[in-house]
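Data block for final-v9.txt (compact mmCIF, C-alpha atoms and all ligand atoms):
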# COMPACT_ATOMS: atom_id res chain seq x y z
CA MET A 1 3.51 12.45 -1.69
CA PRO A 2 6.52 11.62 0.50
CA ALA A 3 8.30 8.69 -1.17
CA LEU A 4 8.81 7.00 2.17
CA GLY A 5 5.52 5.77 3.59
CA PHE A 6 4.49 3.89 6.71
CA GLY A 7 2.09 0.97 6.16
CA THR A 8 -0.47 0.28 8.88
CA LEU A 9 -1.15 -3.41 8.16
CA LEU A 10 -0.40 -4.46 11.73
CA GLN A 11 -1.40 -7.65 13.44
CA ASP A 12 -3.52 -6.14 16.19
CA ARG A 13 -5.10 -2.89 17.18
CA ALA A 14 -2.83 -2.27 20.20
CA ALA A 15 0.30 -2.69 18.06
CA THR A 16 -1.11 -0.08 15.66
CA LEU A 17 -1.07 2.68 18.27
CA GLY A 18 2.56 2.02 19.28
CA ALA A 19 3.97 1.44 15.79
CA THR A 20 2.20 4.50 14.34
CA ALA A 21 3.47 6.69 17.20
CA ASN A 22 7.02 5.36 16.65
CA ALA A 23 6.75 6.09 12.93
CA LEU A 24 5.60 9.66 13.57
CA LYS A 25 8.48 10.23 16.00
CA ALA A 26 10.98 8.81 13.50
CA GLY A 27 9.77 11.33 10.89
CA PHE A 28 7.26 9.41 8.72
CA ARG A 29 4.52 11.71 7.41
CA HIS A 30 2.94 9.44 4.75
CA PHE A 31 0.51 6.85 6.21
CA ASP A 32 -1.13 4.04 4.28
CA CYS A 33 -4.34 2.73 5.82
CA ALA A 34 -7.26 0.53 4.72
CA GLU A 35 -10.76 -0.24 5.90
CA ARG A 36 -9.75 -3.92 5.61
CA TYR A 37 -7.00 -3.47 8.23
CA ARG A 38 -9.72 -2.74 10.81
CA ASN A 39 -7.49 -0.30 12.67
CA GLU A 40 -8.25 3.07 11.05
CA LYS A 41 -9.55 4.31 14.42
CA GLU A 42 -6.29 3.42 16.18
CA VAL A 43 -4.21 5.08 13.43
CA GLY A 44 -6.42 8.17 13.83
CA ASP A 45 -5.93 8.09 17.62
CA ALA A 46 -2.12 8.03 17.20
CA LEU A 47 -2.30 10.94 14.73
CA ARG A 48 -4.52 12.95 17.07
CA GLN A 49 -2.09 12.37 19.95
CA ALA A 50 0.82 13.56 17.80
CA GLN A 51 -1.17 16.62 16.74
CA ALA A 52 -2.12 17.40 20.37
CA ALA A 53 1.57 17.11 21.35
CA GLY A 54 2.45 19.64 18.62
CA LEU A 55 4.51 17.10 16.65
CA VAL A 56 2.54 17.41 13.40
CA THR A 57 -0.36 19.23 11.81
CA ARG A 58 -2.83 17.73 9.33
CA ALA A 59 -1.13 19.69 6.55
CA ASP A 60 2.16 17.86 7.30
CA LEU A 61 0.53 14.48 6.73
CA PHE A 62 -0.14 12.54 3.54
CA MET A 63 -3.06 10.24 4.32
CA THR A 64 -4.21 7.31 2.20
CA THR A 65 -6.88 4.73 2.79
CA LYS A 66 -8.46 2.03 0.65
CA LEU A 67 -11.87 0.89 -0.51
CA TRP A 68 -12.41 -2.78 0.29
CA ASN A 69 -13.59 -5.38 -2.25
CA THR A 70 -17.09 -5.63 -0.74
CA ASN A 71 -17.75 -1.94 -1.43
CA HIS A 72 -17.08 -1.83 -5.18
CA ARG A 73 -20.69 -1.18 -6.23
CA PRO A 74 -20.88 2.52 -7.11
CA GLU A 75 -23.56 3.31 -4.52
CA ARG A 76 -21.34 1.84 -1.76
CA VAL A 77 -18.19 3.85 -2.60
CA ALA A 78 -19.01 7.23 -1.03
CA PRO A 79 -20.46 5.70 2.18
CA ALA A 80 -17.36 3.50 2.59
CA PHE A 81 -15.10 6.50 1.99
CA GLU A 82 -16.96 8.67 4.54
CA ALA A 83 -16.94 5.84 7.13
CA SER A 84 -13.15 5.54 6.75
CA LEU A 85 -12.76 9.30 7.22
CA VAL A 86 -14.84 9.20 10.43
CA ARG A 87 -12.71 6.33 11.82
CA LEU A 88 -9.50 8.15 10.91
CA GLY A 89 -10.82 11.45 12.29
CA LEU A 90 -10.04 13.28 9.05
CA ASP A 91 -12.10 15.60 6.89
CA TYR A 92 -10.37 14.88 3.59
CA LEU A 93 -7.95 12.33 2.16
CA ASP A 94 -4.83 12.85 0.10
CA LEU A 95 -5.23 9.54 -1.73
CA TYR A 96 -7.97 6.91 -1.99
CA LEU A 97 -7.19 3.54 -3.53
CA ALA A 98 -9.34 0.66 -4.72
CA HIS A 99 -7.59 -1.90 -2.49
CA THR A 100 -7.70 -4.66 -5.12
CA PRO A 101 -9.32 -4.99 -8.57
CA PHE A 102 -11.52 -7.87 -7.30
CA SER A 103 -15.15 -7.29 -6.29
CA PHE A 104 -16.59 -9.46 -3.53
CA THR A 105 -20.29 -9.85 -2.85
CA PRO A 106 -21.47 -6.61 -1.20
CA GLY A 107 -22.29 -6.54 2.51
CA ASP A 108 -20.81 -6.16 5.96
CA ASN A 109 -18.85 -9.43 5.82
CA GLN A 110 -15.44 -8.42 4.41
CA ASP A 111 -14.59 -12.05 3.67
CA PRO A 112 -17.73 -13.58 2.09
CA ARG A 113 -17.31 -17.33 1.50
CA ASP A 114 -19.56 -20.11 0.17
CA GLU A 115 -20.10 -23.42 1.99
CA CYS A 116 -16.89 -24.79 0.43
CA GLY A 117 -14.85 -21.88 1.77
CA ASN A 118 -14.45 -20.18 -1.62
CA ILE A 119 -14.65 -16.40 -1.89
CA ILE A 120 -17.93 -15.16 -3.39
CA TYR A 121 -17.05 -12.70 -6.13
CA ASP A 122 -19.46 -10.05 -7.42
CA TYR A 123 -19.57 -10.18 -11.22
CA ASP A 124 -22.25 -7.48 -11.51
CA VAL A 125 -19.83 -4.58 -11.11
CA THR A 126 -16.72 -3.72 -13.12
CA LEU A 127 -13.60 -1.94 -11.92
CA ASN A 128 -14.45 0.89 -14.31
CA ASP A 129 -17.86 1.32 -12.60
CA THR A 130 -16.10 1.58 -9.23
CA TRP A 131 -13.53 3.98 -10.68
CA LYS A 132 -16.25 6.39 -11.86
CA ALA A 133 -17.62 6.57 -8.30
CA MET A 134 -14.09 7.28 -7.06
CA GLU A 135 -13.70 10.04 -9.67
CA ASP A 136 -16.81 11.60 -8.20
CA LEU A 137 -15.04 11.86 -4.81
CA VAL A 138 -12.27 13.90 -6.45
CA ASP A 139 -14.79 16.04 -8.33
CA ARG A 140 -16.52 16.81 -5.03
CA GLY A 141 -13.21 17.72 -3.32
CA ARG A 142 -13.35 14.84 -0.83
CA CYS A 143 -9.92 13.49 -1.81
CA ALA A 144 -7.05 14.90 -3.81
CA ALA A 145 -6.14 11.82 -5.83
CA ILE A 146 -7.27 8.25 -6.56
CA GLY A 147 -5.45 5.09 -7.49
CA LEU A 148 -5.43 1.31 -7.63
CA GLY A 149 -3.96 -1.48 -5.55
CA ASP A 150 -2.79 -4.94 -6.60
CA VAL A 151 -3.20 -4.39 -10.33
CA ASN A 152 -1.25 -5.97 -13.13
CA LEU A 153 -0.43 -4.11 -16.34
CA GLU A 154 -3.57 -5.33 -18.11
CA LYS A 155 -5.94 -4.13 -15.37
CA LEU A 156 -4.13 -0.81 -14.99
CA THR A 157 -4.24 -0.19 -18.75
CA SER A 158 -7.96 -0.93 -18.89
CA VAL A 159 -8.78 1.64 -16.19
CA TYR A 160 -6.21 4.16 -17.41
CA GLU A 161 -7.64 4.20 -20.92
CA ALA A 162 -11.26 4.61 -19.83
CA ALA A 163 -10.65 7.03 -16.95
CA LYS A 164 -11.59 10.70 -16.92
CA ILE A 165 -9.31 11.18 -13.88
CA LYS A 166 -6.22 9.01 -14.39
CA PRO A 167 -4.86 6.83 -11.58
CA ALA A 168 -2.24 8.88 -9.69
CA VAL A 169 -0.74 5.93 -7.83
CA ILE A 170 -0.69 2.14 -8.02
CA GLN A 171 0.22 0.13 -4.94
CA VAL A 172 1.81 -3.22 -5.78
CA GLU A 173 4.34 -5.66 -4.33
CA ALA A 174 7.85 -4.74 -5.47
CA HIS A 175 11.38 -5.57 -4.24
CA PRO A 176 14.53 -6.91 -5.92
CA TYR A 177 12.92 -10.37 -6.24
CA LEU A 178 9.87 -8.82 -7.97
CA PRO A 179 11.09 -5.59 -9.62
CA GLU A 180 7.95 -5.12 -11.79
CA THR A 181 10.12 -3.34 -14.34
CA GLU A 182 7.54 -3.31 -17.15
CA LEU A 183 4.84 -1.94 -14.86
CA LEU A 184 7.26 0.69 -13.52
CA GLU A 185 8.17 1.85 -17.04
CA TYR A 186 4.47 2.10 -17.97
CA CYS A 187 3.88 4.20 -14.84
CA LYS A 188 6.88 6.46 -15.36
CA ASP A 189 5.82 7.17 -18.94
CA ARG A 190 2.40 8.34 -17.73
CA GLY A 191 3.34 10.14 -14.50
CA ILE A 192 1.81 7.44 -12.29
CA ILE A 193 3.60 6.72 -9.00
CA LEU A 194 4.39 3.07 -8.34
CA LEU A 195 4.07 2.67 -4.58
CA ALA A 196 5.90 -0.52 -3.58
CA PHE A 197 4.62 -2.66 -0.75
CA ALA A 198 6.76 -5.39 0.86
CA PRO A 199 10.00 -3.53 -0.02
CA LEU A 200 11.66 -5.69 2.65
CA GLY A 201 9.90 -8.78 1.30
CA HIS A 202 7.41 -8.70 4.21
CA GLY A 203 10.44 -9.52 6.41
CA ILE A 204 10.09 -13.18 5.31
CA LYS A 205 13.19 -15.34 5.82
CA PRO A 206 14.84 -16.33 3.61
CA GLY A 207 14.05 -13.30 1.48
CA PRO A 208 15.55 -10.06 0.16
CA LEU A 209 16.81 -9.03 3.66
CA GLN A 210 19.11 -12.09 3.67
CA ASP A 211 20.15 -11.86 0.03
CA PRO A 212 23.99 -12.02 -0.25
CA VAL A 213 24.11 -9.09 -2.70
CA ILE A 214 22.05 -6.90 -0.34
CA GLN A 215 24.20 -7.94 2.62
CA LYS A 216 27.40 -7.19 0.69
CA VAL A 217 26.19 -3.73 -0.41
CA GLY A 218 25.18 -3.00 3.19
CA ALA A 219 28.68 -3.85 4.44
CA GLN A 220 30.19 -1.70 1.64
CA VAL A 221 28.13 1.41 2.36
CA GLY A 222 27.79 1.02 6.14
CA LYS A 223 24.01 0.56 6.11
CA THR A 224 21.74 -2.30 7.20
CA PRO A 225 20.16 -4.63 4.60
CA ALA A 226 16.79 -2.96 5.29
CA GLN A 227 18.25 0.49 4.61
CA VAL A 228 19.82 -0.79 1.37
CA LEU A 229 16.51 -2.24 0.13
CA LEU A 230 14.58 0.93 0.93
CA ALA A 231 17.20 3.20 -0.66
CA TRP A 232 17.21 1.01 -3.80
CA ALA A 233 13.42 1.31 -4.05
CA ILE A 234 13.46 5.10 -3.85
CA GLN A 235 16.48 5.54 -6.10
CA ARG A 236 14.89 3.50 -8.93
CA GLY A 237 11.95 5.86 -8.89
CA THR A 238 9.27 4.17 -6.79
CA ALA A 239 7.66 5.28 -3.57
CA LEU A 240 7.45 2.66 -0.84
CA LEU A 241 5.57 1.46 2.22
CA THR A 242 7.37 -0.16 5.10
CA THR A 243 6.01 -1.40 8.41
CA PRO A 244 8.69 -1.31 11.10
CA GLY A 245 7.34 -2.85 14.31
CA SER A 246 9.83 -1.27 16.73
CA ALA A 247 11.07 2.26 17.40
CA ALA A 248 14.61 1.21 16.40
CA HIS A 249 13.43 -0.17 13.04
CA ALA A 250 11.32 2.96 12.46
CA ARG A 251 14.39 5.16 13.00
CA ASP A 252 16.56 2.93 10.76
CA ASN A 253 13.98 2.86 7.97
CA PHE A 254 13.73 6.64 7.94
CA ASP A 255 17.50 7.13 7.92
CA LEU A 256 18.34 6.43 4.27
CA ALA A 257 21.21 7.54 2.06
CA PRO A 258 21.79 7.31 -1.71
CA LEU A 259 23.54 4.19 -3.01
CA PRO A 260 26.50 4.37 -5.41
CA GLN A 261 25.71 3.36 -9.01
CA ASP A 262 27.69 0.09 -8.76
CA ALA A 263 25.51 -0.94 -5.82
CA MET A 264 22.34 -0.12 -7.82
CA ASP A 265 23.72 -2.17 -10.74
CA ALA A 266 24.52 -5.13 -8.48
CA ILE A 267 21.01 -5.12 -6.98
CA ASN A 268 19.40 -4.73 -10.42
CA ALA A 269 21.37 -7.82 -11.54
CA ILE A 270 19.87 -10.09 -8.83
CA GLU A 271 18.16 -12.91 -10.69
CA THR A 272 16.06 -14.51 -7.93
CA ARG A 273 12.35 -14.06 -8.65
CA GLN A 274 9.67 -14.49 -6.01
CA ARG A 275 6.18 -13.10 -5.51
CA LEU A 276 5.41 -13.23 -1.80
CA ASN A 277 1.80 -12.07 -1.78
CA THR A 278 -0.92 -13.73 -3.87
CA VAL A 279 -3.45 -10.93 -3.26
CA VAL A 280 -2.90 -9.74 -6.84
CA GLU A 281 -4.27 -13.07 -8.13
CA THR A 282 -7.33 -13.44 -5.90
CA GLY A 283 -8.05 -10.24 -3.97
CA VAL A 284 -7.68 -12.23 -0.73
CA PRO A 285 -5.22 -10.60 1.70
CA GLY A 286 -1.95 -12.35 2.56
CA PHE A 287 -2.82 -12.10 6.23
CA ILE A 288 -5.74 -10.68 8.14
CA PRO A 289 -5.23 -8.57 11.26
CA ARG A 290 -6.50 -10.15 14.48
CA GLY A 291 -10.01 -9.05 15.36
CA GLY A 292 -10.78 -9.00 11.62
N1 LIG B 1 -2.15 -3.47 -1.29
C1 LIG B 1 -1.97 -4.62 -0.67
O1 LIG B 1 -2.60 -5.62 -0.96
C2 LIG B 1 -0.95 -4.69 0.42
C3 LIG B 1 -0.47 -5.93 0.83
C4 LIG B 1 0.50 -5.96 1.83
C5 LIG B 1 0.96 -4.77 2.39
N2 LIG B 1 0.45 -3.58 1.98
C6 LIG B 1 0.89 -2.31 2.57
O2 LIG B 1 2.28 -2.24 2.59
C7 LIG B 1 2.74 -2.02 3.92
C8 LIG B 1 4.15 -2.56 4.07
O3 LIG B 1 4.20 -3.96 3.81
P1 LIG B 1 5.08 -4.96 4.62
O4 LIG B 1 4.48 -5.25 5.96
O5 LIG B 1 5.38 -6.11 3.79
O6 LIG B 1 6.43 -4.11 4.86
P2 LIG B 1 7.92 -4.52 4.92
O7 LIG B 1 8.58 -3.33 5.53
O8 LIG B 1 8.41 -5.08 3.62
O9 LIG B 1 8.00 -5.76 5.94
C9 LIG B 1 7.72 -5.63 7.30
C10 LIG B 1 8.58 -6.66 8.02
O10 LIG B 1 9.94 -6.23 7.91
C11 LIG B 1 10.51 -6.16 9.21
N3 LIG B 1 11.37 -4.95 9.28
C12 LIG B 1 10.98 -3.65 9.18
N4 LIG B 1 12.04 -2.84 9.32
C13 LIG B 1 13.12 -3.63 9.49
C14 LIG B 1 14.49 -3.38 9.68
N5 LIG B 1 14.97 -2.13 9.72
N6 LIG B 1 15.33 -4.45 9.82
C15 LIG B 1 14.86 -5.70 9.80
N7 LIG B 1 13.56 -6.01 9.62
C16 LIG B 1 12.69 -4.99 9.47
C17 LIG B 1 9.37 -6.01 10.17
O11 LIG B 1 9.76 -6.57 11.40
P3 LIG B 1 9.69 -5.72 12.79
O12 LIG B 1 8.26 -5.78 13.20
O13 LIG B 1 10.62 -6.46 13.67
O14 LIG B 1 10.16 -4.32 12.51
C18 LIG B 1 8.28 -6.83 9.49
O15 LIG B 1 8.41 -8.20 9.78
C19 LIG B 1 1.64 -2.60 4.79
O16 LIG B 1 1.63 -2.15 6.11
C20 LIG B 1 0.44 -2.14 4.03
O17 LIG B 1 0.18 -0.78 4.29
C21 LIG B 1 -0.47 -3.53 0.99
Could the structure of this file be written out as structure tokens, please?
Ligand SMILES: NC(=O)c1ccc[n+]([C@@H]2O[C@H](COP(=O)([O-])OP(=O)(O)OC[C@H]3O[C@@H](n4cnc5c(N)ncnc54)[C@H](OP(=O)(O)O)[C@@H]3O)[C@@H](O)[C@H]2O)c1
Amino acid sequence: MPALGFGTLLQDRAATLGATANALKAGFRHFDCAERYRNEKEVGDALRQAQAAGLVTRADLFMTTKLWNTNHRPERVAPAFEASLVRLGLDYLDLYLAHTPFSFTPGDNQDPRDECGNIIYDYDVTLNDTWKAMEDLVDRGRCAAIGLGDVNLEKLTSVYEAAKIKPAVIQVEAHPYLPETELLEYCKDRGIILLAFAPLGHGIKPGPLQDPVIQKVGAQVGKTPAQVLLAWAIQRGTALLTTPGSAAHARDNFDLAPLPQDAMDAINAIETRQRLNTVVETGVPGFIPRGG
């Protein structure tokens, strides 16, 4: 799996086509998708255009998508997986993730709510039940690897210990304000890849991009704050997902260089702590793409 991944959580379907094409041109070959993002078809269109132009082949690409919370019941897993593949225009996946550990009431409504506006959870299915159905996809050769999104250490341990096929990847928020050190150590010890989302802190201001330590390191090494944050993430042993909206940001985010050890030490010593995305607590996305 290329450590540097492009995330396709984009605010509308038109933006998806442009940003995905820019990412492909900049050199990104790892693409993170999700049925919940409601733009798998547009990501697939951009990939097909790049393939038709001779820029990439399927074998060059590392493709991930995610099972949404309303499809956790075992009998819904394979149909959801196959529907994602059709939208993406692929015939296999490199990685399939359970998007979050939370099960919502099954059905076509991805955001089922009661009359008070509260999410309706499905307590009749466990994450281990869902995981077994995902293992079956690997056994049948439909995807190469499976993993989990938005898990804490307790939820990861519970699946890891019961699993026949161990999680290959977990996708969680991680940046210098949320280094997830304990989770990362657990993963490294077991050969699980920690795939960091929001490595630029979702671009939120103030946030890691404006942090004085990051700015100072950038000035020292002649790189932008974004390039410093992404290099730090890779150098500490995580993979990452970034979502540059423009061609210039896509080129910058792909143009990384190693940081000197004193810069790594300075970033590791940042004491600010901030979780930016509450999806790990509720299963409800931080933002929902338009048209969703
Ligand atoms: N599992 C989950 O629950 C979950 C949750 C959230 C995200 N994700 C995944 O993770 C991916 C990445 O998350 P993210 O959107 O938070 O990524 P991110 O890269 O941390 O943040 C994106 C923001 O950073 C800005 N940015 C990107 N490159 C920049 C640069 N070189 N200089 C300055 N600003 C820059 C972007 O602005 P511009 O548009 O101006 O470039 C955008 O506002 C998502 O697309 C999705 O695939 C997963």
How big is the axis-aligned box, and where does its centre sit, when it encloses all atoms of range 34-49 of chain A listed in the file and has 5 Å added on every side, reported in Å to one decimal as JSON?
{"center_x": -6.4, "center_y": 4.5, "center_z": 12.3, "size_x": 18.7, "size_y": 26.9, "size_z": 25.2}
### Message
I need the residue nearest ligand LIG 1 (chain B) from this list: A:Asp32, A:Glu75, A:Asp124, A:Asp108. Use all atoms listed in the file for the distance.
### Response
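So, comparing all the options, the nearest one is A:Asp32.
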### Task
Give as a PyMOL selection string the residues surrounding ligand LIG 1 (chain B) up to a distance of 7 Å, considering all atoms listed in the file.
chain A and resi 6-10+32-33+99-100+149-150+171-172+197-204+226-227+241-246+249-250+252-253+279+285-286
#### Entry: Selection as number ranges by chain: residues within 7 Å of (0.6, 11.5, -2.7), counting only C-alpha atoms
A: 1-2, 62, 94-95
Kindly save the residues from that selection, with C-alpha atoms included, as a PDB file, in the frame of the given file.
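Wrote it out as selection-v3.pdb, contents follow:
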ATOM      1  CA  MET A   1       3.510  12.450  -1.690  1.00  0.00           C
ATOM      2  CA  PRO A   2       6.520  11.620   0.500  1.00  0.00           C
ATOM      3  CA  PHE A  62      -0.140  12.540   3.540  1.00  0.00           C
ATOM      4  CA  ASP A  94      -4.830  12.850   0.100  1.00  0.00           C
ATOM      5  CA  LEU A  95      -5.230   9.540  -1.730  1.00  0.00           C
TER       6      LEU A  95
END
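Across the structure, CA of Leu276 in chain A and CA of Pro176 in chain A are spaced 11.8 Å apart.
Shell of range 63-74 of chain A at 7 Å, with only C-alpha atoms counted and residues fewer than 3 places along the chain excluded, is His30, Phe31, Asp32, Cys33, Ala34, Glu35, Arg36, Val77, Ala80, Phe81, Leu93, Asp94, Leu95, Tyr96, Leu97, Ala98, His99, Thr100, Phe102, Ser103, Phe104, Thr105, Pro106, Gly107, Gln110, Val125, Asp129, Thr130 and Ala133 of chain A.
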#### Entry: For Ala196 in chain A, the nearest of the candidates A:Thr126, A:Thr181, A:Asn118, A:Thr224, counting only C-alpha atoms
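Among the listed residues, the smallest separation from Ala196 in chain A belongs to A:Thr181.
Interatomic distance, CA of Asn39 in chain A against CA of Leu90 in chain A: 14.3 Å.
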### Shortest interatomic distance to Asp189 in chain A - which of A:Asn128, A:Ala162, A:Asp211, A:Gly237, counting all atoms listed in the file
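Between A:Asn128, A:Ala162, A:Asp211, A:Gly237, the residue approaching Asp189 in chain A most closely is A:Gly237.
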